[in-house]
$ cat start15.txt   # compact mmCIF, C-alpha atoms
# COMPACT_ATOMS: atom_id res chain seq x y z
CA MET A 1 11.70 -7.45 57.30
CA PRO A 2 12.55 -8.29 60.91
CA LYS A 3 15.23 -10.83 59.96
CA VAL A 4 17.35 -8.21 58.18
CA THR A 5 16.86 -5.66 60.93
CA ILE A 6 17.96 -8.10 63.59
CA ALA A 7 21.04 -9.08 61.62
CA GLN A 8 21.98 -5.41 61.17
CA ASN A 9 21.56 -4.78 64.89
CA ILE A 10 23.73 -7.72 65.83
CA LEU A 11 26.49 -6.57 63.47
CA ALA A 12 26.21 -2.96 64.73
CA VAL A 13 26.53 -4.12 68.33
CA ASN A 14 29.52 -6.23 67.32
CA GLU A 15 31.16 -3.27 65.60
CA ASN A 16 30.74 -1.07 68.69
CA ILE A 17 32.40 -3.68 70.89
CA ALA A 18 35.16 -4.13 68.29
CA GLN A 19 35.82 -0.37 68.32
CA ASP A 20 36.09 -0.40 72.12
CA ILE A 21 38.56 -3.29 71.95
CA HIS A 22 40.61 -1.53 69.30
CA GLN A 23 40.78 1.70 71.32
CA SER A 24 41.73 -0.15 74.48
CA LEU A 25 44.50 -2.12 72.76
CA THR A 26 45.81 0.96 70.92
CA ALA A 27 45.97 2.89 74.21
CA ARG A 28 48.23 0.15 75.58
CA GLY A 29 50.43 0.13 72.48
CA ILE A 30 49.24 -3.32 71.42
CA ARG A 31 48.62 -4.18 67.76
CA ALA A 32 46.14 -6.91 66.84
CA LEU A 33 45.76 -9.38 63.97
CA ASN A 34 42.70 -11.43 63.00
CA VAL A 35 43.94 -14.58 61.19
CA MET A 36 41.42 -16.46 59.05
CA SER A 37 41.44 -19.39 56.59
CA SER A 38 39.77 -22.61 55.53
CA PRO A 39 40.11 -25.48 58.00
CA GLY A 40 43.60 -26.92 57.66
CA ALA A 41 45.28 -24.15 55.64
CA GLY A 42 47.90 -23.88 58.38
CA LYS A 43 46.98 -20.94 60.64
CA THR A 44 48.17 -22.67 63.80
CA THR A 45 51.40 -23.93 62.24
CA LEU A 46 52.16 -20.46 60.83
CA LEU A 47 51.62 -19.05 64.30
CA GLU A 48 53.86 -21.67 65.93
CA ARG A 49 56.71 -20.95 63.51
CA THR A 50 56.20 -17.18 63.90
CA ILE A 51 56.28 -17.27 67.72
CA GLU A 52 59.44 -19.40 67.68
CA ARG A 53 61.19 -17.06 65.24
CA LEU A 54 60.22 -13.83 66.99
CA ARG A 55 61.11 -14.96 70.52
CA GLY A 56 63.06 -12.12 72.17
CA GLN A 57 61.90 -9.62 69.54
CA LEU A 58 58.12 -9.48 70.07
CA THR A 59 55.92 -10.77 72.87
CA ILE A 60 52.83 -12.27 71.29
CA GLY A 61 49.57 -13.06 73.06
CA VAL A 62 47.16 -15.40 71.33
CA ILE A 63 43.41 -15.92 71.39
CA GLU A 64 42.58 -19.30 69.88
CA GLY A 65 39.12 -19.75 68.41
CA ASP A 66 37.86 -23.29 67.93
CA VAL A 67 34.46 -24.87 67.58
CA GLU A 68 35.59 -27.61 69.98
CA THR A 69 38.86 -28.82 71.61
CA SER A 70 41.81 -26.88 72.96
CA ALA A 71 44.35 -28.74 70.81
CA ASP A 72 45.51 -25.60 68.98
CA ALA A 73 45.84 -23.55 72.18
CA GLU A 74 48.06 -26.29 73.62
CA ARG A 75 50.27 -26.18 70.51
CA ILE A 76 50.58 -22.37 70.74
CA GLU A 77 51.37 -22.46 74.46
CA ALA A 78 54.03 -25.07 73.77
CA ALA A 79 55.51 -22.67 71.19
CA GLY A 80 55.86 -20.13 74.00
CA ALA A 81 52.99 -17.61 73.80
CA GLU A 82 50.40 -16.79 76.41
CA THR A 83 47.17 -18.24 75.04
CA VAL A 84 43.47 -18.02 75.80
CA GLN A 85 41.08 -20.57 74.30
CA ILE A 86 37.60 -19.68 73.06
CA ASN A 87 35.35 -22.64 72.24
CA THR A 88 32.33 -21.51 70.26
CA ARG A 89 30.43 -24.81 70.76
CA GLY A 90 29.13 -24.98 67.23
CA ALA A 91 29.32 -21.33 66.17
CA CYS A 92 31.12 -20.70 62.90
CA HIS A 93 33.03 -17.47 63.67
CA LEU A 94 34.36 -15.36 66.54
CA GLU A 95 32.48 -12.23 67.65
CA ALA A 96 33.85 -9.15 69.39
CA HIS A 97 32.17 -9.88 72.74
CA MET A 98 34.10 -13.18 72.89
CA ILE A 99 37.36 -11.28 72.38
CA ARG A 100 36.38 -8.72 75.06
CA ASP A 101 35.86 -11.57 77.54
CA ALA A 102 39.04 -13.40 76.51
CA LEU A 103 41.13 -10.23 76.94
CA THR A 104 40.34 -10.20 80.68
CA GLN A 105 42.38 -13.44 80.87
CA ILE A 106 45.54 -12.03 79.24
CA GLU A 107 48.25 -10.00 81.00
CA LEU A 108 48.12 -7.15 78.50
CA ALA A 109 51.04 -5.25 80.04
CA ASP A 110 53.31 -8.05 78.82
CA ILE A 111 52.42 -8.20 75.12
CA ASP A 112 53.27 -6.24 71.97
CA LEU A 113 51.06 -8.11 69.54
CA LEU A 114 47.72 -9.87 69.94
CA VAL A 115 46.99 -12.59 67.40
CA ILE A 116 43.43 -13.86 67.15
CA GLU A 117 43.15 -17.20 65.35
CA ASN A 118 39.60 -17.37 64.04
CA ILE A 119 37.46 -20.45 63.34
CA GLY A 120 38.52 -22.32 60.17
CA ASN A 121 35.95 -20.92 57.75
CA LEU A 122 36.39 -18.81 54.59
CA VAL A 123 32.89 -17.31 54.75
CA CYS A 124 31.39 -16.20 58.07
CA PRO A 125 34.38 -14.69 59.94
CA ALA A 126 34.72 -12.05 57.18
CA ALA A 127 31.59 -10.27 58.47
CA TRP A 128 32.68 -9.87 62.08
CA GLU A 129 35.20 -7.24 63.20
CA LEU A 130 37.11 -8.15 66.34
CA GLY A 131 39.00 -4.91 67.08
CA GLU A 132 42.00 -5.91 64.96
CA ASP A 133 44.43 -3.62 63.14
CA ALA A 134 44.80 -6.03 60.22
CA ARG A 135 43.13 -9.12 58.84
CA ILE A 136 45.24 -11.97 57.45
CA VAL A 137 43.82 -14.64 55.16
CA VAL A 138 45.88 -17.83 54.89
CA VAL A 139 45.40 -20.02 51.82
CA SER A 140 47.32 -23.17 50.94
CA THR A 141 48.54 -24.68 47.70
CA THR A 142 46.51 -27.86 48.28
CA GLU A 143 43.07 -26.27 48.43
CA GLY A 144 42.69 -25.29 44.78
CA ASP A 145 43.61 -22.08 42.99
CA ASP A 146 40.03 -20.75 42.74
CA LYS A 147 39.52 -19.65 46.33
CA PRO A 148 39.74 -15.84 45.94
CA ALA A 149 37.10 -15.87 43.18
CA LYS A 150 34.85 -18.28 45.08
CA TYR A 151 35.11 -16.55 48.48
CA PRO A 152 35.75 -12.92 47.46
CA GLN A 153 34.53 -11.23 50.64
CA MET A 154 37.34 -12.75 52.71
CA PHE A 155 39.95 -11.39 50.28
CA ALA A 156 38.22 -8.01 49.99
CA ILE A 157 38.36 -7.34 53.75
CA SER A 158 41.90 -8.65 54.35
CA GLN A 159 45.10 -6.61 54.27
CA VAL A 160 47.42 -9.60 53.89
CA MET A 161 47.24 -12.97 52.11
CA VAL A 162 49.69 -15.69 53.15
CA VAL A 163 50.01 -18.56 50.66
CA ASN A 164 51.16 -21.56 52.71
CA LYS A 165 52.43 -25.08 51.80
CA LEU A 166 54.74 -23.89 49.00
CA ASP A 167 56.66 -27.17 49.51
CA LEU A 168 53.68 -29.11 48.10
CA LEU A 169 53.53 -27.12 44.83
CA PRO A 170 55.31 -29.85 42.80
CA TYR A 171 52.60 -32.39 43.70
CA VAL A 172 49.42 -30.40 43.05
CA ASP A 173 47.71 -28.53 40.22
CA TYR A 174 47.93 -25.05 41.65
CA ASP A 175 48.55 -21.93 39.60
CA LEU A 176 50.08 -19.49 42.08
CA HIS A 177 49.98 -16.64 39.55
CA LYS A 178 46.25 -17.19 39.02
CA VAL A 179 45.59 -17.05 42.77
CA LYS A 180 47.54 -13.82 43.14
CA ARG A 181 45.87 -12.32 40.06
CA GLN A 182 42.39 -13.25 41.37
CA ALA A 183 43.12 -11.93 44.85
CA LEU A 184 44.59 -8.64 43.59
CA ALA A 185 41.64 -8.14 41.22
CA ILE A 186 39.38 -8.24 44.29
CA ASN A 187 41.73 -6.22 46.48
CA PRO A 188 44.60 -4.38 44.74
CA ASN A 189 46.13 -3.37 48.09
CA LEU A 190 46.49 -6.92 49.37
CA ARG A 191 50.00 -7.68 50.59
CA ILE A 192 51.06 -11.22 49.67
CA PHE A 193 53.54 -13.57 51.34
CA GLU A 194 54.43 -17.01 49.99
CA VAL A 195 55.64 -19.44 52.65
CA SER A 196 56.21 -23.03 53.61
CA CYS A 197 55.80 -23.55 57.34
CA ARG A 198 57.37 -26.98 56.81
CA THR A 199 60.64 -25.85 55.19
CA GLY A 200 60.72 -22.28 56.55
CA GLU A 201 60.77 -20.76 53.05
CA GLY A 202 59.41 -17.22 53.04
CA LEU A 203 59.01 -16.95 56.80
CA ASP A 204 61.76 -14.33 57.15
CA ALA A 205 59.89 -11.85 54.94
CA TRP A 206 56.63 -12.53 56.79
CA CYS A 207 58.29 -12.06 60.20
CA ASP A 208 60.04 -8.87 59.06
CA TRP A 209 56.69 -7.46 57.99
CA LEU A 210 55.12 -8.52 61.30
CA ILE A 211 57.81 -6.75 63.32
CA ALA A 212 57.38 -3.56 61.28
CA PHE A 213 53.59 -3.84 61.58
CA THR A 214 53.75 -4.30 65.34
CA ARG A 215 56.04 -1.31 65.72
CA GLY A 216 53.48 0.74 63.80
CA ALA A 217 55.43 1.08 60.56
CA MET B 1 15.38 -14.93 74.35
CA PRO B 2 14.01 -13.83 70.94
CA LYS B 3 17.25 -14.66 69.11
CA VAL B 4 17.01 -18.34 69.99
CA THR B 5 13.30 -18.50 69.15
CA ILE B 6 13.90 -17.03 65.72
CA ALA B 7 16.74 -19.43 65.04
CA GLN B 8 14.54 -22.38 66.03
CA ASN B 9 11.76 -21.17 63.77
CA ILE B 10 14.07 -20.76 60.82
CA LEU B 11 15.46 -24.28 61.31
CA ALA B 12 11.94 -25.70 61.78
CA VAL B 13 10.75 -24.06 58.56
CA ASN B 14 13.84 -25.41 56.81
CA GLU B 15 13.16 -28.92 58.10
CA ASN B 16 9.58 -28.83 56.84
CA ILE B 17 10.71 -27.81 53.36
CA ALA B 18 13.43 -30.48 53.46
CA GLN B 19 10.82 -33.12 54.31
CA ASP B 20 8.67 -32.01 51.38
CA ILE B 21 11.67 -32.24 49.05
CA HIS B 22 12.56 -35.68 50.36
CA GLN B 23 9.00 -36.98 49.88
CA SER B 24 8.80 -35.53 46.39
CA LEU B 25 12.15 -37.05 45.32
CA THR B 26 11.34 -40.42 46.91
CA ALA B 27 8.00 -40.51 45.09
CA ARG B 28 9.93 -40.16 41.82
CA GLY B 29 12.44 -42.83 42.76
CA ILE B 30 15.29 -40.33 43.05
CA ARG B 31 17.90 -40.62 45.81
CA ALA B 32 19.73 -37.52 47.02
CA LEU B 33 23.15 -36.78 48.53
CA ASN B 34 24.32 -33.66 50.36
CA VAL B 35 28.10 -33.37 49.88
CA MET B 36 30.00 -31.14 52.32
CA SER B 37 33.65 -30.30 53.11
CA SER B 38 36.16 -27.55 53.79
CA PRO B 39 36.93 -25.31 50.81
CA GLY B 40 39.27 -27.19 48.51
CA ALA B 41 38.93 -30.72 49.91
CA GLY B 42 37.90 -31.90 46.45
CA LYS B 43 34.09 -32.16 46.34
CA THR B 44 33.86 -30.96 42.73
CA THR B 45 36.71 -33.16 41.51
CA LEU B 46 35.20 -36.20 43.27
CA LEU B 47 31.94 -35.45 41.55
CA GLU B 48 33.60 -35.03 38.13
CA ARG B 49 35.37 -38.38 38.44
CA THR B 50 32.17 -40.04 39.73
CA ILE B 51 30.01 -38.76 36.86
CA GLU B 52 32.58 -39.89 34.30
CA ARG B 53 32.81 -43.38 35.81
CA LEU B 54 29.08 -43.91 36.22
CA ARG B 55 28.10 -42.72 32.74
CA GLY B 56 25.62 -45.24 31.33
CA GLN B 57 24.96 -46.72 34.77
CA LEU B 58 23.37 -43.82 36.68
CA THR B 59 22.00 -40.50 35.52
CA ILE B 60 23.11 -37.88 38.00
CA GLY B 61 21.65 -34.40 38.39
CA VAL B 62 23.70 -31.85 40.31
CA ILE B 63 22.88 -28.75 42.32
CA GLU B 64 26.05 -26.69 42.78
CA GLY B 65 26.18 -24.36 45.76
CA ASP B 66 28.72 -21.55 45.66
CA VAL B 67 29.06 -18.22 47.40
CA GLU B 68 30.02 -16.68 44.04
CA THR B 69 30.96 -17.86 40.53
CA SER B 70 29.61 -20.71 38.42
CA ALA B 71 33.05 -22.26 37.85
CA ASP B 72 32.16 -25.54 39.57
CA ALA B 73 28.85 -25.87 37.73
CA GLU B 74 30.70 -25.45 34.44
CA ARG B 75 33.14 -28.22 35.41
CA ILE B 76 30.26 -30.55 36.34
CA GLU B 77 28.37 -29.83 33.13
CA ALA B 78 31.53 -30.54 31.18
CA ALA B 79 31.73 -33.89 32.99
CA GLY B 80 28.29 -34.66 31.59
CA ALA B 81 25.65 -34.06 34.27
CA GLU B 82 22.69 -31.71 34.19
CA THR B 83 23.60 -28.95 36.64
CA VAL B 84 21.86 -26.06 38.37
CA GLN B 85 23.92 -23.33 40.01
CA ILE B 86 22.91 -21.69 43.29
CA ASN B 87 24.92 -18.60 44.23
CA THR B 88 24.32 -17.68 47.86
CA ARG B 89 25.90 -14.19 47.50
CA GLY B 90 27.73 -14.32 50.80
CA ALA B 91 25.68 -16.92 52.68
CA CYS B 92 27.71 -19.75 54.19
CA HIS B 93 25.44 -22.76 53.60
CA LEU B 94 22.59 -23.99 51.42
CA GLU B 95 19.02 -24.03 52.78
CA ALA B 96 16.11 -26.22 51.75
CA HIS B 97 14.16 -23.42 50.07
CA MET B 98 17.11 -22.90 47.68
CA ILE B 99 16.99 -26.59 46.75
CA ARG B 100 13.21 -26.43 46.25
CA ASP B 101 13.68 -23.55 43.79
CA ALA B 102 16.62 -25.20 42.03
CA LEU B 103 14.65 -28.44 41.54
CA THR B 104 12.18 -26.60 39.31
CA GLN B 105 15.09 -26.18 36.85
CA ILE B 106 15.98 -29.90 36.63
CA GLU B 107 14.26 -32.48 34.43
CA LEU B 108 13.57 -34.88 37.29
CA ALA B 109 12.14 -37.61 35.06
CA ASP B 110 15.64 -38.10 33.66
CA ILE B 111 17.69 -38.61 36.82
CA ASP B 112 18.36 -41.44 39.27
CA LEU B 113 20.51 -39.55 41.72
CA LEU B 114 20.56 -35.92 42.83
CA VAL B 115 23.88 -34.68 44.20
CA ILE B 116 23.87 -31.39 46.08
CA GLU B 117 27.34 -29.86 46.45
CA ASN B 118 27.16 -27.58 49.45
CA ILE B 119 29.22 -24.44 50.19
CA GLY B 120 32.81 -25.24 51.24
CA ASN B 121 32.42 -24.95 55.01
CA LEU B 122 32.86 -27.56 57.76
CA VAL B 123 30.59 -25.77 60.24
CA CYS B 124 27.33 -24.17 59.08
CA PRO B 125 26.00 -26.63 56.45
CA ALA B 126 25.79 -29.34 59.15
CA ALA B 127 22.74 -27.61 60.67
CA TRP B 128 20.62 -27.42 57.51
CA GLU B 129 18.78 -30.44 56.10
CA LEU B 130 18.17 -30.27 52.36
CA GLY B 131 15.91 -33.28 51.80
CA GLU B 132 18.83 -35.66 51.21
CA ASP B 133 18.94 -39.41 51.86
CA ALA B 134 22.58 -39.27 52.96
CA ARG B 135 25.19 -36.71 53.92
CA ILE B 136 28.77 -37.11 52.71
CA VAL B 137 31.68 -35.29 54.34
CA VAL B 138 34.85 -35.08 52.22
CA VAL B 139 38.16 -34.51 54.02
CA SER B 140 41.60 -34.40 52.45
CA THR B 141 45.04 -35.53 53.57
CA THR B 142 46.42 -32.01 53.28
CA GLU B 143 44.11 -30.31 55.74
CA GLY B 144 45.43 -31.82 58.98
CA ASP B 145 44.38 -34.96 60.82
CA ASP B 146 42.46 -33.18 63.59
CA LYS B 147 39.36 -32.19 61.64
CA PRO B 148 36.81 -34.70 63.07
CA ALA B 149 37.67 -33.66 66.65
CA LYS B 150 37.64 -29.95 65.79
CA TYR B 151 34.43 -29.98 63.73
CA PRO B 152 32.52 -32.88 65.33
CA GLN B 153 29.00 -31.89 64.31
CA MET B 154 29.75 -32.41 60.61
CA PHE B 155 30.98 -35.96 61.28
CA ALA B 156 28.11 -36.71 63.68
CA ILE B 157 25.43 -35.94 61.09
CA SER B 158 27.13 -37.60 58.09
CA GLN B 159 26.64 -41.19 56.93
CA VAL B 160 29.79 -41.32 54.80
CA MET B 161 33.30 -39.84 55.08
CA VAL B 162 35.45 -39.74 51.95
CA VAL B 163 39.16 -39.15 52.60
CA ASN B 164 40.54 -37.60 49.40
CA LYS B 165 44.09 -36.81 48.13
CA LEU B 166 45.57 -40.15 49.20
CA ASP B 167 48.30 -39.51 46.59
CA LEU B 168 49.67 -36.66 48.74
CA LEU B 169 50.09 -38.82 51.88
CA PRO B 170 53.87 -39.24 51.37
CA TYR B 171 54.39 -35.46 51.48
CA VAL B 172 52.32 -34.45 54.51
CA ASP B 173 52.08 -35.22 58.22
CA TYR B 174 48.71 -36.91 58.23
CA ASP B 175 47.81 -39.88 60.41
CA LEU B 176 44.99 -41.58 58.51
CA HIS B 177 44.34 -44.01 61.38
CA LYS B 178 43.92 -41.10 63.78
CA VAL B 179 41.38 -39.42 61.49
CA LYS B 180 39.35 -42.61 61.14
CA ARG B 181 39.55 -43.29 64.89
CA GLN B 182 38.41 -39.72 65.71
CA ALA B 183 35.58 -39.84 63.16
CA LEU B 184 34.34 -43.25 64.33
CA ALA B 185 34.46 -42.16 67.97
CA ILE B 186 32.02 -39.37 67.05
CA ASN B 187 29.94 -41.55 64.73
CA PRO B 188 30.48 -45.32 64.93
CA ASN B 189 28.20 -45.92 61.92
CA LEU B 190 30.19 -43.70 59.57
CA ARG B 191 31.09 -45.46 56.33
CA ILE B 192 34.61 -44.51 55.18
CA PHE B 193 36.13 -44.44 51.68
CA GLU B 194 39.77 -43.57 50.99
CA VAL B 195 40.37 -42.17 47.51
CA SER B 196 42.64 -40.18 45.26
CA CYS B 197 40.69 -38.32 42.60
CA ARG B 198 44.04 -37.69 40.90
CA THR B 199 45.16 -41.32 40.52
CA GLY B 200 41.72 -42.96 40.68
CA GLU B 201 42.68 -45.06 43.72
CA GLY B 202 39.63 -46.09 45.74
CA LEU B 203 37.07 -44.67 43.30
CA ASP B 204 35.76 -48.11 42.30
CA ALA B 205 34.66 -48.89 45.85
CA TRP B 206 33.07 -45.44 46.21
CA CYS B 207 31.21 -45.80 42.90
CA ASP B 208 30.05 -49.33 43.77
CA TRP B 209 28.62 -48.02 47.01
CA LEU B 210 26.95 -45.12 45.17
CA ILE B 211 25.25 -47.46 42.69
CA ALA B 212 23.96 -49.66 45.51
CA PHE B 213 22.84 -46.60 47.47
CA THR B 214 20.99 -45.16 44.47
CA ARG B 215 19.25 -48.47 43.83
CA GLY B 216 18.08 -48.40 47.45
CA ALA B 217 20.35 -51.14 48.80
$ encode --input "start15.txt" --output "structure tokens"
Amino acid sequence: MPKVTIAQNILAVNENIAQDIHQSLTARGIRALNVMSSPGAGKTTLLERTIERLRGQLTIGVIEGDVETSADAERIEAAGAETVQINTRGACHLEAHMIRDALTQIELADIDLLVIENIGNLVCPAAWELGEDARIVVVSTTEGDDKPAKYPQMFAISQVMVVNKLDLLPYVDYDLHKVKRQALAINPNLRIFEVSCRTGEGLDAWCDWLIAFTRGA
Amino acid sequence: MPKVTIAQNILAVNENIAQDIHQSLTARGIRALNVMSSPGAGKTTLLERTIERLRGQLTIGVIEGDVETSADAERIEAAGAETVQINTRGACHLEAHMIRDALTQIELADIDLLVIENIGNLVCPAAWELGEDARIVVVSTTEGDDKPAKYPQMFAISQVMVVNKLDLLPYVDYDLHKVKRQALAINPNLRIFEVSCRTGEGLDAWCDWLIAFTRGA
């Protein structure tokens, strides 16, 4: 079956490039995150709040993946991080070769942590390694409490789940315990943070973890 | 470039199957919708409320696309529509051959309207015709007001945009006018409905349109 063979080859090539990226970043003492979610779960806002809070403690470089527009990259730059935009022009996920090219545009000597914000998509990005040390899946309280069960691969390959929009819990039917139970059934090692980027609730614990993670703890 | 040629062939094969499906449904007097959105925008809830309201007026058959689980199909069956589940086991969109197979499981003589609920994904499903008469994109007030600009293809190929979760507008930063302006800039013919599946606001206008659409108006 040529279709399957081709797909395997493409993923194998991607994995090789991802390994090269990971080695190169590790050699420079840089840690990398791949942040994924549905469209609108709040990846960019989480990143804005994180950059603002960690100013003076960590220097964060950002690669912003978007199908179109550079709106998110502009928001991240305004928050104070060096940012490179990747526009995939219709493609539904980032691939390692895009990250390799984007890294030539970042002054790597200056950064401690590279954050890659993937395309808003709970399916496809899960299959593509980008050279990251950890994968973060962001879910929000407004998108229904069945997401881990319905999109299990994303939760299986992530190390961290951030539940965002805690401030909207009173207005929606969202069983936070069910979401955590579903996610941990898929991936018992998943680390979970509950935050509201709007009120700031929970961001201290998330930022503390990020500092420890970046310092290799 | 073999990769591009293969992709074109796959899409061409899909389009041929989609045309066959469309002809076959049209010959039976059945109209078909392809409903797409981000994960958690409310496709299934919109469909539940629609089936309940149109009971006795339209007989609706549903094909439920999910990566995993049959939770949505169970909800739709409970709402009173004949339902067939497609599990894509990791794939990020429905394809026409899946619809062709699913249609063998539905008693077509009984239905007026076929609703296909696609995988929750604002990117990939936009490229795959399923034999539908109209494409519906559902967005929600909690997922940010930049979605049409960031995922333009989905809005370009849709005939209808449903903005759901109007009841949450007081609690979020969401500029409804901006969303409509962005969407209409991409697709000036887009028909827009504003609803809350929770309160029922706007569902009458949506259901009226659906009845007229099904009757070929």
$ closest_residue --input "start15.txt" --among "A:Arg28, A:Arg198, A:Arg53, A:Lys147" --to "Met161 in chain A" --atoms "all atoms listed in the file"
A:Lys147
$ interface_residues --input "start15.txt" --of "chain B" --to "chain A" --cutoff "7 Å" --atoms "all atoms listed in the file" --output "list in words"
Ser38, Pro39, Gly40, Ala41, Asp66, Val67, Glu68, Thr69, Cys92, Asn121, Val123, Cys124, Thr142, Glu143, Gly144, Lys150 and Tyr151 of chain B
$ residues_around --input "start15.txt" --residues "range 73-77 of chain A" --least-positions-apart "4" --cutoff "7 Å" --atoms "all atoms listed in the file" --output "compact mmCIF listing (two decimals) with C-alpha atoms, in the frame of the given file"
# COMPACT_ATOMS: atom_id res chain seq x y z
CA GLU A 48 53.86 -21.67 65.93
CA GLU A 64 42.58 -19.30 69.88
CA ALA A 81 52.99 -17.61 73.80
CA GLU A 82 50.40 -16.79 76.41
CA THR A 83 47.17 -18.24 75.04
CA GLN A 85 41.08 -20.57 74.30
$ closest_residue --input "start15.txt" --among "B:Arg31, B:His177, B:Lys43, B:Arg49" --to "Asp204 in chain B" --atoms "all atoms listed in the file"
B:Arg49
$ atom_distance --input "start15.txt" --atom1 "CA of Ala109 in chain B" --atom2 "CA of Thr59 in chain B"
10.3 Å
$ residues_around --input "start15.txt" --residues "Ile21 in chain B" --least-positions-apart "5" --cutoff "9 Å" --atoms "only C-alpha atoms" --output "list of chain:residue names"
B:Asn16, B:Thr26, B:Ala96, B:Ile99, B:Arg100, B:Leu103, B:Leu130, B:Gly131, B:Glu132
